[in-house]
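Reviewing the structure listed below.
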Amino acid sequence: MSGVGYRQLWAADPGGWRTAGAAWAGLTGPVERHAGELAGSAGRLRGDWSGAAAVAVDARLAGLRGEVTSVAPALIEADQVLSELAGQLVVAKARLAEAVARADAAGLVVDRSGAVHVDPTRLRPTERAGTAGAGAAAAAGVTTAGAGVAASAGVTAAGAGVAAAGRAAAAGAGAAAAEAAAGVAAALRGGLELADAADRLATDRLDELARAAGTGWASPPPPGRPASGATPALVRAWWSGLTPAQRRWLVGHEPALVGGLDGVPVAARDQANRLRLGARRAELLAERRRLLAQVPPGPLASLRLRAVAARLAGLDALTERLAGPGRPGGPAVGEPRAYLLGLDPAGEGRVVVALGDPDHADRVLTYVPGMTAGLDDAPGELGRAARVLERCATLAPGERSAAVLWLDYDAPDFLTEAASAGQARDAGPALHRFQEGLRATHEGPPARQTVLGHSYGSLVVGVAAREHGLAADALMFVGSPGVGAAHAAELGVPAGEVWASRAPDDVIRLARPVDELGHRVLRGASPLAAVLAWPERNGHELWFGHDPADSGFGGRVFPSGRGGHSGYWEPGNPALDGMARVVLGR
């Protein structure tokens with residue numbers, strides 16, 4: 001291998017790998033169309049032809065359809081592999097950039113081969129003289145010897161070496177320069193090693209896919225599935241005992257099981273749920289046809305039609321975000337890949353989507369939205385998670401972060417529903433299992449897990465943490481009406497990791513506790529006026545308990561600018577910066 005690793009990594013284009021992966025995933029559309037055509041042909045033949053020959057042909061067409069559809073999980077997997085490689089390259093390149101900036105601040109130069117030198121033009125004459133006497137080490141500084149480029153991924157690092165010699169390294173400017181150069185070399189080495197590991201992993205996974213193309217994409221797994229109520233850890237153990245071909249078979253033949261099972265890795269759940277997107281949309285279209293068949297539609301049917309149309313629009317917008325860069329309506333090249341971890345269009349609609357792969361991230365945010373959230377506005381809620389993730393990338397470009405929109409509960413639609421903690425309690429077990437699943441499937445050192453709740457979503461998070469426990473290192477509440485706890489100590493994480501923020505003009509601060517509502521009702525006020533209680537706001541008790549943004553709650557508070565109940569994610573709001581810093585542990 002030639003020693004050009006640093007130069008090649010610096011010039012690497014992660015967006016190119018991301019686009020290549022999206023192209024592979026885009027082939028699932030033609031695969032589904034061909035499978036549909038085969039199914040249609042078989043149906044027509046069954047209607048016009050009978051006998052032994054017809055049975056044989058039907059069986060052959062079914063076999064061909066099975067072979068065609070078995071390719072789809074592998075196509076999505078190729079996209080995941082290349083997207084993961086692209087994400088790792090982004091971080092590795094950021095670490096190189098940080099090392100170069102560090103070198104510049106220390107008066108050092110990193111040349112195109114990755115060698116670190118003292119910059120003589122920035123030394124005072126006395127320092128230059130001292131450095132000149134340091135011998136070869138002072139002249140050459142510290143060298144990082146990169147390695148060649150892996151043909152499959154574009155970057156491989158063979159490591160970096162440090163050379164230091166001469167008497168000047170022990171005194172004065174020479175010693176300081178040598179120490180600084182060693183630090184820069186270590187930072188460069190970290191970026192190169194990360195790129196090398198990503199390259200080797202991508203190579204191995206793509207090699208396995210290539211071998212599977214010859215031996216068969218999928219093979220049936222042994223009988224037996226995780227029992228209902230199995231813990232994510234047990235599910236993870238079951239999944240780990242399967243071969244890649246058996247996993248692909250399950251993704252293709254039992255996508256409902258795989259897509260909704262906490263403890264199955266993120267990549268497999270994404271594959272399974274993407275394969276069901278078409279069927280999920282067909283369910284909404286069928287519901288719309290049923291409603292349209294009512295002529296003339298009554299008031300209730302008209303309301304339901306508008307709701308179905310809103311869910312269809314939300315699903316279509318979500319599908320565009322799931323598409324890769326270069327696809328119509330898809331994300332920009334630099335945006336993280338989206339992973340579909342759950343989807344149910346029934347009712348108001350439920351959805352779980354990750355931006356970036358939580359199984360390989362250093363920091364993971366789970367965001368739980370509040371009242372009125374559903375499939376119709378899921379793209380907007382996902383945008384909030386994306387803005388926190390963008391801020392994390394700005395503050396810590398050398399770390400991998402992922403953000404999850406968790407909308408796997410029936411959020412209240414009206415104030416009368418939001419006045420009860422019932423829907424939050426119903427959501428608690430599911431949020432508990434999901435967080436346990438993230439812990440079970442994560443690869444490498446444990447990630448820092450943060451759970452954020454907004455508005456009624458903060459009650460969901462608080463109740464889940466208090467009643468079931470959450471696999472989380474930090475909890476955050478913004479715009480909270482109370483979290484179902486009187487003190488941060490009840491939530492199962494260190495008090496120093498319970499965070500809250502409330503905008504000065506957020507109307508949620510006017511929510512009164514239940515006992516005061518009763519007093520107002522007795523005085524003849526309307527229930528709505530009692531909930532909002534615009535005048536005479538005193539104390540720190542909210543509708544669902546002590547205000548988590550009050551210092552007496554026992555947690556920590558980060559500031560927010562003005563923006564009402566939904567402005568916490570607006571650019572320039574210090575709350576956005578605060579959320580990102582909590583996710584990063586800063």
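By order of appearance in the structure tokens: chains A, B, ..., then residues from 1 within every chain, and ligands from 1 in the order shown.
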
Can you pull out the residues contacting stretch 224-232 of chain A? Cut-off 10 Å, using only C-alpha atoms, and skip same-chain residues under 2 positions away; I want them as a PDB file with N, CA, C and O atoms, in the first residue's frame.
ATOM      1  N   PRO A 221     -35.355 -19.417   8.389  1.00  0.00           N
ATOM      2  CA  PRO A 221     -34.755 -19.637   9.712  1.00  0.00           C
ATOM      3  C   PRO A 221     -35.406 -20.821  10.397  1.00  0.00           C
ATOM      4  O   PRO A 221     -36.450 -21.312   9.950  1.00  0.00           O
ATOM      5  N   PRO A 222     -34.829 -21.285  11.467  1.00  0.00           N
ATOM      6  CA  PRO A 222     -35.475 -22.376  12.217  1.00  0.00           C
ATOM      7  C   PRO A 222     -36.784 -21.886  12.818  1.00  0.00           C
ATOM      8  O   PRO A 222     -37.001 -20.685  12.993  1.00  0.00           O
ATOM      9  N   LEU A 234     -33.373 -10.343  25.069  1.00  0.00           N
ATOM     10  CA  LEU A 234     -33.624 -11.692  24.568  1.00  0.00           C
ATOM     11  C   LEU A 234     -33.850 -11.680  23.059  1.00  0.00           C
ATOM     12  O   LEU A 234     -33.396 -12.581  22.345  1.00  0.00           O
ATOM     13  N   VAL A 235     -34.542 -10.668  22.575  1.00  0.00           N
ATOM     14  CA  VAL A 235     -34.748 -10.542  21.131  1.00  0.00           C
ATOM     15  C   VAL A 235     -33.406 -10.379  20.424  1.00  0.00           C
ATOM     16  O   VAL A 235     -33.149 -10.995  19.376  1.00  0.00           O
ATOM     17  N   ARG A 236     -32.550  -9.573  20.996  1.00  0.00           N
ATOM     18  CA  ARG A 236     -31.228  -9.353  20.396  1.00  0.00           C
ATOM     19  C   ARG A 236     -30.435 -10.659  20.349  1.00  0.00           C
ATOM     20  O   ARG A 236     -29.767 -10.970  19.354  1.00  0.00           O
ATOM     21  N   ALA A 237     -30.509 -11.455  21.406  1.00  0.00           N
ATOM     22  CA  ALA A 237     -29.798 -12.734  21.429  1.00  0.00           C
ATOM     23  C   ALA A 237     -30.340 -13.672  20.357  1.00  0.00           C
ATOM     24  O   ALA A 237     -29.577 -14.376  19.682  1.00  0.00           O
ATOM     25  N   TRP A 238     -31.667 -13.710  20.202  1.00  0.00           N
ATOM     26  CA  TRP A 238     -32.275 -14.547  19.158  1.00  0.00           C
ATOM     27  C   TRP A 238     -31.799 -14.108  17.779  1.00  0.00           C
ATOM     28  O   TRP A 238     -31.397 -14.939  16.954  1.00  0.00           O
ATOM     29  N   TRP A 239     -31.824 -12.830  17.524  1.00  0.00           N
ATOM     30  CA  TRP A 239     -31.423 -12.310  16.213  1.00  0.00           C
ATOM     31  C   TRP A 239     -29.949 -12.613  15.936  1.00  0.00           C
ATOM     32  O   TRP A 239     -29.576 -12.958  14.813  1.00  0.00           O
ATOM     33  N   LEU A 257     -43.252  -8.473  11.829  1.00  0.00           N
ATOM     34  CA  LEU A 257     -42.575  -8.908  13.049  1.00  0.00           C
ATOM     35  C   LEU A 257     -41.259  -8.167  13.227  1.00  0.00           C
ATOM     36  O   LEU A 257     -40.990  -7.570  14.269  1.00  0.00           O
ATOM     37  N   LEU A 261     -40.112  -4.991  16.278  1.00  0.00           N
ATOM     38  CA  LEU A 261     -39.581  -5.750  17.409  1.00  0.00           C
ATOM     39  C   LEU A 261     -38.378  -5.034  18.023  1.00  0.00           C
ATOM     40  O   LEU A 261     -37.300  -4.972  17.424  1.00  0.00           O
ATOM     41  N   ASP A 262     -38.573  -4.476  19.213  1.00  0.00           N
ATOM     42  CA  ASP A 262     -37.458  -3.851  19.922  1.00  0.00           C
ATOM     43  C   ASP A 262     -36.439  -4.922  20.295  1.00  0.00           C
ATOM     44  O   ASP A 262     -36.783  -5.955  20.867  1.00  0.00           O
ATOM     45  N   GLY A 263     -35.185  -4.658  19.965  1.00  0.00           N
ATOM     46  CA  GLY A 263     -34.120  -5.637  20.154  1.00  0.00           C
ATOM     47  C   GLY A 263     -33.585  -6.146  18.839  1.00  0.00           C
ATOM     48  O   GLY A 263     -32.504  -6.743  18.790  1.00  0.00           O
ATOM     49  N   VAL A 264     -34.312  -5.908  17.740  1.00  0.00           N
ATOM     50  CA  VAL A 264     -33.798  -6.169  16.397  1.00  0.00           C
ATOM     51  C   VAL A 264     -32.997  -4.945  15.967  1.00  0.00           C
ATOM     52  O   VAL A 264     -33.435  -3.809  16.171  1.00  0.00           O
ATOM     53  N   ARG A 433     -39.590   0.001  26.444  1.00  0.00           N
ATOM     54  CA  ARG A 433     -39.034  -1.078  25.606  1.00  0.00           C
ATOM     55  C   ARG A 433     -38.157  -0.506  24.494  1.00  0.00           C
ATOM     56  O   ARG A 433     -37.118  -1.091  24.159  1.00  0.00           O
ATOM     57  N   PHE A 434     -38.586   0.603  23.919  1.00  0.00           N
ATOM     58  CA  PHE A 434     -37.804   1.169  22.822  1.00  0.00           C
ATOM     59  C   PHE A 434     -36.411   1.567  23.299  1.00  0.00           C
ATOM     60  O   PHE A 434     -35.407   1.260  22.633  1.00  0.00           O
ATOM     61  N   GLN A 435     -36.331   2.248  24.427  1.00  0.00           N
ATOM     62  CA  GLN A 435     -35.026   2.659  24.938  1.00  0.00           C
ATOM     63  C   GLN A 435     -34.174   1.450  25.315  1.00  0.00           C
ATOM     64  O   GLN A 435     -32.960   1.434  25.073  1.00  0.00           O
ATOM     65  N   GLU A 436     -34.798   0.419  25.879  1.00  0.00           N
ATOM     66  CA  GLU A 436     -34.053  -0.805  26.177  1.00  0.00           C
ATOM     67  C   GLU A 436     -33.542  -1.435  24.883  1.00  0.00           C
ATOM     68  O   GLU A 436     -32.432  -1.983  24.844  1.00  0.00           O
ATOM     69  N   GLY A 437     -34.342  -1.361  23.825  1.00  0.00           N
ATOM     70  CA  GLY A 437     -33.915  -1.896  22.541  1.00  0.00           C
ATOM     71  C   GLY A 437     -32.713  -1.162  21.983  1.00  0.00           C
ATOM     72  O   GLY A 437     -31.800  -1.778  21.409  1.00  0.00           O
ATOM     73  N   LEU A 438     -32.687   0.169  22.129  1.00  0.00           N
ATOM     74  CA  LEU A 438     -31.527   0.933  21.660  1.00  0.00           C
ATOM     75  C   LEU A 438     -30.258   0.494  22.382  1.00  0.00           C
ATOM     76  O   LEU A 438     -29.185   0.391  21.778  1.00  0.00           O
ATOM     77  N   ARG A 439     -30.375   0.256  23.674  1.00  0.00           N
ATOM     78  CA  ARG A 439     -29.218  -0.218  24.431  1.00  0.00           C
ATOM     79  C   ARG A 439     -28.775  -1.601  23.945  1.00  0.00           C
ATOM     80  O   ARG A 439     -27.583  -1.869  23.790  1.00  0.00           O
ATOM     81  N   ALA A 440     -29.749  -2.478  23.699  1.00  0.00           N
ATOM     82  CA  ALA A 440     -29.431  -3.866  23.350  1.00  0.00           C
ATOM     83  C   ALA A 440     -28.769  -3.984  21.991  1.00  0.00           C
ATOM     84  O   ALA A 440     -27.923  -4.863  21.783  1.00  0.00           O
ATOM     85  N   THR A 441     -29.140  -3.135  21.038  1.00  0.00           N
ATOM     86  CA  THR A 441     -28.644  -3.298  19.666  1.00  0.00           C
ATOM     87  C   THR A 441     -27.438  -2.426  19.359  1.00  0.00           C
ATOM     88  O   THR A 441     -26.854  -2.554  18.277  1.00  0.00           O
TER      89      THR A 441
END

Practice item. Could you give me, as a count of residues only, the residues within 10 Å of A:Gly444, counting only C-alpha atoms and dropping anything in the same chain fewer than 4 positions from it? Key: 4

Extract the full set of helix (DSSP H, G or I) residues from stretch 229-282 of chain A according to DSSP on the backbone, and format it as number ranges by chain.
A: 232-240, 244-253, 255-259, 266-275, 277-282

> Just how far from atom CA of A:Leu343 is atom CA of A:Asn273, in Å to one decimal?
Replying inline: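 Separation between atom CA of A:Asn273 and atom CA of A:Leu343: 7.1 Å.
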
Return the single residue from A:Thr394, A:Thr203, A:Thr69, A:Gln449 that is closest to A:Pro30, with distances computed using only C-alpha atoms.
->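 Result for the nearest residue to A:Pro30: A:Thr69.
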
DSSP says strand (DSSP E or B) for which residues of stretch 536-578 of chain A? Put them as a ChimeraX atom specification? /A:541-542,545-546,556-557

Give me a file of those residues, with N, CA, C and O atoms, as a tab-separated table (two decimals), in the first residue's frame.
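Result file again21.tsv:
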chain	number	residue	atom	x	y	z
A	541	GLU	N	-46.37	25.00	40.83
A	541	GLU	CA	-47.10	23.78	40.52
A	541	GLU	C	-47.84	23.93	39.20
A	541	GLU	O	-48.56	24.92	38.99
A	542	LEU	N	-47.65	22.98	38.31
A	542	LEU	CA	-48.35	22.97	37.03
A	542	LEU	C	-49.39	21.86	37.03
A	542	LEU	O	-49.62	21.19	38.05
A	545	GLY	N	-47.86	18.42	38.02
A	545	GLY	CA	-46.83	18.37	39.05
A	545	GLY	C	-45.94	19.58	39.05
A	545	GLY	O	-46.19	20.59	38.37
A	546	HIS	N	-44.87	19.48	39.80
A	546	HIS	CA	-43.94	20.60	39.97
A	546	HIS	C	-43.31	20.96	38.63
A	546	HIS	O	-42.93	20.09	37.86
A	556	ARG	N	-31.78	20.70	36.41
A	556	ARG	CA	-31.00	21.84	35.90
A	556	ARG	C	-31.79	22.50	34.78
A	556	ARG	O	-32.59	21.85	34.10
A	557	VAL	N	-31.55	23.78	34.60
A	557	VAL	CA	-32.33	24.57	33.65
A	557	VAL	C	-31.39	25.20	32.64
A	557	VAL	O	-30.31	25.70	32.99

Can you pull out every residue within 10 Å of A:Arg95, counting only C-alpha atoms, but drop anything in the same chain fewer than 3 positions away, and send it as a list in words?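 Returned residues: Leu89, Val90, Val91, Ala92, Glu98, Ala99, Val100, Ala101, Ala187, Leu188, Arg189, Gly190, Gly191, Leu192, Leu194, Ala396, Pro397, Gly398 and Glu399 of chain A.
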
Separating atom CA of A:Val31 from atom CA of A:Leu75, to the nearest tenth of an Å, is a gap of 9.8 Å

Rounded to one decimal place, report the atom CA of A:His565-atom CA of A:Ser455 distance in Å.
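According to the coordinates, atom CA of A:His565 and atom CA of A:Ser455 are separated by 8.0 Å.
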
Distance query A:Val451 at most 10 Å, only C-alpha atoms, self and fewer than 6 positions along chain excluded, as a short mmCIF file (atom, residue, chain, number, x, y, z; two decimals) with all heavy atoms, in the first residue's frame:
data_model
loop_
_atom_site.label_atom_id
_atom_site.label_comp_id
_atom_site.auth_asym_id
_atom_site.auth_seq_id
_atom_site.Cartn_x
_atom_site.Cartn_y
_atom_site.Cartn_z
N VAL A 364 -27.15 9.64 21.17
CA VAL A 364 -28.47 9.35 20.60
C VAL A 364 -29.54 10.15 21.34
O VAL A 364 -29.62 10.07 22.58
CB VAL A 364 -28.80 7.85 20.66
CG1 VAL A 364 -30.18 7.59 20.05
CG2 VAL A 364 -27.73 7.03 19.93
N LEU A 365 -30.33 10.89 20.59
CA LEU A 365 -31.46 11.62 21.14
C LEU A 365 -32.75 10.94 20.73
O LEU A 365 -32.94 10.61 19.56
CB LEU A 365 -31.47 13.06 20.61
CG LEU A 365 -32.75 13.87 20.87
CD1 LEU A 365 -32.89 14.17 22.36
CD2 LEU A 365 -32.76 15.16 20.06
N THR A 366 -33.65 10.72 21.69
CA THR A 366 -35.00 10.26 21.40
C THR A 366 -35.95 11.41 21.72
O THR A 366 -36.00 11.86 22.88
CB THR A 366 -35.38 9.03 22.23
OG1 THR A 366 -34.46 7.96 21.94
CG2 THR A 366 -36.79 8.57 21.90
N TYR A 367 -36.67 11.89 20.72
CA TYR A 367 -37.57 13.03 20.89
C TYR A 367 -39.02 12.57 20.88
O TYR A 367 -39.46 11.92 19.93
CB TYR A 367 -37.33 14.05 19.77
CG TYR A 367 -38.42 15.07 19.61
CD1 TYR A 367 -38.89 15.81 20.70
CD2 TYR A 367 -39.00 15.32 18.36
CE1 TYR A 367 -39.91 16.73 20.56
CE2 TYR A 367 -40.01 16.25 18.21
CZ TYR A 367 -40.46 16.96 19.31
OH TYR A 367 -41.47 17.87 19.16
N VAL A 368 -39.76 12.91 21.93
CA VAL A 368 -41.17 12.54 22.07
C VAL A 368 -42.01 13.81 21.95
O VAL A 368 -41.97 14.67 22.85
CB VAL A 368 -41.44 11.85 23.42
CG1 VAL A 368 -42.90 11.42 23.51
CG2 VAL A 368 -40.52 10.66 23.62
N ALA A 403 -30.56 11.11 15.95
CA ALA A 403 -31.77 11.61 16.60
C ALA A 403 -32.96 10.78 16.14
O ALA A 403 -33.10 10.49 14.94
CB ALA A 403 -31.99 13.08 16.29
N VAL A 404 -33.83 10.41 17.07
CA VAL A 404 -35.00 9.58 16.78
C VAL A 404 -36.27 10.36 17.10
O VAL A 404 -36.39 10.92 18.20
CB VAL A 404 -34.98 8.29 17.62
CG1 VAL A 404 -36.19 7.41 17.27
CG2 VAL A 404 -33.69 7.51 17.41
N TRP A 406 -39.78 9.69 18.15
CA TRP A 406 -40.56 8.57 18.69
C TRP A 406 -42.00 9.03 18.86
O TRP A 406 -42.34 9.73 19.80
CB TRP A 406 -39.99 8.10 20.03
CG TRP A 406 -40.61 6.83 20.52
CD1 TRP A 406 -40.24 5.55 20.20
CD2 TRP A 406 -41.74 6.70 21.40
NE1 TRP A 406 -41.05 4.64 20.84
CE2 TRP A 406 -41.99 5.30 21.58
CE3 TRP A 406 -42.56 7.60 22.05
CZ2 TRP A 406 -43.01 4.82 22.40
CZ3 TRP A 406 -43.60 7.13 22.86
CH2 TRP A 406 -43.81 5.76 23.03
N LEU A 431 -42.34 3.16 25.37
CA LEU A 431 -41.12 3.98 25.38
C LEU A 431 -40.02 3.28 26.17
O LEU A 431 -38.84 3.32 25.78
CB LEU A 431 -41.43 5.35 25.98
CG LEU A 431 -40.25 6.34 26.03
CD1 LEU A 431 -39.67 6.58 24.64
CD2 LEU A 431 -40.69 7.66 26.65
N GLN A 435 -36.33 2.25 24.43
CA GLN A 435 -35.03 2.66 24.94
C GLN A 435 -34.17 1.45 25.32
O GLN A 435 -32.96 1.43 25.07
CB GLN A 435 -35.20 3.58 26.14
CG GLN A 435 -35.69 4.98 25.78
CD GLN A 435 -34.72 5.72 24.88
OE1 GLN A 435 -35.07 6.10 23.76
NE2 GLN A 435 -33.50 5.93 25.33
N SER A 458 -43.47 15.61 27.34
CA SER A 458 -42.64 15.61 28.54
C SER A 458 -43.29 14.78 29.65
O SER A 458 -42.61 14.15 30.46
CB SER A 458 -42.40 17.04 29.02
OG SER A 458 -43.59 17.63 29.52
N VAL A 461 -42.54 11.15 28.86
CA VAL A 461 -41.18 10.80 29.28
C VAL A 461 -41.09 10.67 30.79
O VAL A 461 -40.51 9.72 31.33
CB VAL A 461 -40.18 11.85 28.75
CG1 VAL A 461 -38.77 11.56 29.29
CG2 VAL A 461 -40.16 11.86 27.23
N GLY A 462 -41.67 11.64 31.50
CA GLY A 462 -41.59 11.61 32.96
C GLY A 462 -42.29 10.41 33.56
O GLY A 462 -41.75 9.75 34.46
N ALA A 465 -40.28 7.25 32.82
CA ALA A 465 -39.08 7.18 33.66
C ALA A 465 -39.43 6.81 35.10
O ALA A 465 -38.74 5.99 35.73
CB ALA A 465 -38.35 8.52 33.61
N LEU A 470 -36.23 4.31 32.34
CA LEU A 470 -35.79 4.52 30.97
C LEU A 470 -34.29 4.30 30.86
O LEU A 470 -33.53 4.78 31.71
CB LEU A 470 -36.12 5.95 30.49
CG LEU A 470 -37.59 6.25 30.21
CD1 LEU A 470 -37.74 7.72 29.81
CD2 LEU A 470 -38.12 5.35 29.11
N ALA A 471 -33.88 3.57 29.83
CA ALA A 471 -32.46 3.41 29.55
C ALA A 471 -31.98 4.72 28.96
O ALA A 471 -31.93 4.91 27.74
CB ALA A 471 -32.23 2.25 28.58
N ALA A 472 -31.66 5.67 29.84
CA ALA A 472 -31.27 7.01 29.41
C ALA A 472 -30.23 7.56 30.37
O ALA A 472 -30.27 7.28 31.57
CB ALA A 472 -32.48 7.94 29.35
N ASP A 473 -29.31 8.34 29.82
CA ASP A 473 -28.31 9.01 30.64
C ASP A 473 -28.74 10.41 31.02
O ASP A 473 -28.21 10.99 31.96
CB ASP A 473 -26.98 9.07 29.88
CG ASP A 473 -26.47 7.68 29.52
OD1 ASP A 473 -26.02 6.96 30.42
OD2 ASP A 473 -26.55 7.31 28.33
N ALA A 474 -29.70 10.97 30.26
CA ALA A 474 -30.19 12.31 30.54
C ALA A 474 -31.63 12.42 30.06
O ALA A 474 -32.03 11.77 29.09
CB ALA A 474 -29.32 13.36 29.85
N LEU A 475 -32.40 13.25 30.76
CA LEU A 475 -33.77 13.56 30.37
C LEU A 475 -33.88 15.06 30.17
O LEU A 475 -33.30 15.85 30.93
CB LEU A 475 -34.76 13.11 31.44
CG LEU A 475 -34.76 11.63 31.85
CD1 LEU A 475 -35.79 11.38 32.95
CD2 LEU A 475 -35.05 10.74 30.64
N MET A 476 -34.68 15.46 29.17
CA MET A 476 -34.90 16.88 28.89
C MET A 476 -36.40 17.13 28.73
O MET A 476 -37.10 16.34 28.09
CB MET A 476 -34.20 17.32 27.60
CG MET A 476 -32.75 17.68 27.74
SD MET A 476 -32.14 18.54 26.27
CE MET A 476 -32.15 17.24 25.05
N PHE A 477 -36.84 18.27 29.26
CA PHE A 477 -38.24 18.67 29.14
C PHE A 477 -38.29 20.11 28.67
O PHE A 477 -37.67 20.99 29.28
CB PHE A 477 -38.95 18.54 30.49
CG PHE A 477 -38.76 17.21 31.17
CD1 PHE A 477 -37.99 17.09 32.31
CD2 PHE A 477 -39.34 16.06 30.64
CE1 PHE A 477 -37.82 15.87 32.94
CE2 PHE A 477 -39.17 14.83 31.25
CZ PHE A 477 -38.41 14.73 32.41
N VAL A 498 -31.07 15.80 34.70
CA VAL A 498 -32.46 16.15 34.41
C VAL A 498 -32.49 17.63 34.05
O VAL A 498 -32.13 18.48 34.87
CB VAL A 498 -33.38 15.88 35.63
CG1 VAL A 498 -34.80 16.34 35.34
CG2 VAL A 498 -33.36 14.40 35.98
N VAL A 583 -27.42 16.71 24.76
CA VAL A 583 -27.24 15.48 23.99
C VAL A 583 -25.76 15.09 23.96
O VAL A 583 -25.40 13.91 24.10
CB VAL A 583 -27.78 15.66 22.56
CG1 VAL A 583 -27.40 14.46 21.68
CG2 VAL A 583 -29.30 15.82 22.57
#

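Ranking A:Ser240, A:Ser50, A:Thr28, A:Thr319 by their shortest atom-to-atom distance to A:Arg280, with only C-alpha atoms included, puts A:Thr319 first.
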
Considering only C-alpha atoms, can you say which of A:Leu9, A:Val295, A:Val493, A:Leu206 comes closest to A:Gly469?
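For A:Gly469, the nearest of the given residues is A:Val493.
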
Find the spatial neighbours of A:Ala427, counting only C-alpha atoms, within a cut-off of 7 Å - ignore same-chain residues fewer than 4 positions away - and output them as a list of chain:residue names.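 Non-adjacent residues within range: A:Tyr409, A:Gln423, A:Leu431, A:Val460.
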
Here is a test: counting only C-alpha atoms, which residue of A:Arg391, A:His454, A:Leu45, A:Trp24 is nearest to A:Gly572?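 That would be A:Arg391, the residue with the smallest distance to A:Gly572.
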
- Task: Tell me, as a list in words, which residues lie within 7 Å of A:Pro369, counting only C-alpha atoms; anything in the same chain fewer than 5 positions away does not count.
- Result: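 Non-adjacent residues within range: Leu407, Gly453, His454 and Gly457 of chain A.
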
Practice problem: Could you give me, as a ChimeraX atom specification, the residues within 10 Å of A:Ala421, counting only C-alpha atoms and dropping anything in the same chain fewer than 6 positions from it? | Solution: /A:412,456,459-460,463,483-484,543-544

Could you write out that same residue set with N, CA and C atoms as a PDB file, in the first residue's frame?
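Wrote out_10.pdb, looks like this:
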ATOM      1  N   PRO A 412     -52.732  13.225  22.597  1.00  0.00           N
ATOM      2  CA  PRO A 412     -54.034  13.887  22.744  1.00  0.00           C
ATOM      3  C   PRO A 412     -54.282  14.872  21.601  1.00  0.00           C
ATOM      4  N   TYR A 456     -46.963  17.792  26.105  1.00  0.00           N
ATOM      5  CA  TYR A 456     -47.494  16.552  26.677  1.00  0.00           C
ATOM      6  C   TYR A 456     -46.474  15.425  26.564  1.00  0.00           C
ATOM      7  N   LEU A 459     -44.629  14.784  29.690  1.00  0.00           N
ATOM      8  CA  LEU A 459     -45.324  13.934  30.654  1.00  0.00           C
ATOM      9  C   LEU A 459     -45.133  12.464  30.300  1.00  0.00           C
ATOM     10  N   VAL A 460     -45.175  12.144  29.003  1.00  0.00           N
ATOM     11  CA  VAL A 460     -44.921  10.767  28.566  1.00  0.00           C
ATOM     12  C   VAL A 460     -43.548  10.306  29.062  1.00  0.00           C
ATOM     13  N   VAL A 463     -43.492  10.093  33.070  1.00  0.00           N
ATOM     14  CA  VAL A 463     -44.232   8.947  33.594  1.00  0.00           C
ATOM     15  C   VAL A 463     -43.491   7.646  33.286  1.00  0.00           C
ATOM     16  N   VAL A 483     -44.294  16.773  34.719  1.00  0.00           N
ATOM     17  CA  VAL A 483     -43.830  15.482  34.220  1.00  0.00           C
ATOM     18  C   VAL A 483     -44.309  14.318  35.093  1.00  0.00           C
ATOM     19  N   GLY A 484     -45.312  14.573  35.930  1.00  0.00           N
ATOM     20  CA  GLY A 484     -45.835  13.503  36.770  1.00  0.00           C
ATOM     21  C   GLY A 484     -44.948  13.172  37.945  1.00  0.00           C
ATOM     22  N   TRP A 543     -50.001  21.648  35.887  1.00  0.00           N
ATOM     23  CA  TRP A 543     -51.116  20.699  35.803  1.00  0.00           C
ATOM     24  C   TRP A 543     -50.709  19.295  36.234  1.00  0.00           C
ATOM     25  N   PHE A 544     -49.511  18.860  35.830  1.00  0.00           N
ATOM     26  CA  PHE A 544     -49.080  17.495  36.129  1.00  0.00           C
ATOM     27  C   PHE A 544     -47.909  17.462  37.112  1.00  0.00           C
TER      28      PHE A 544
END
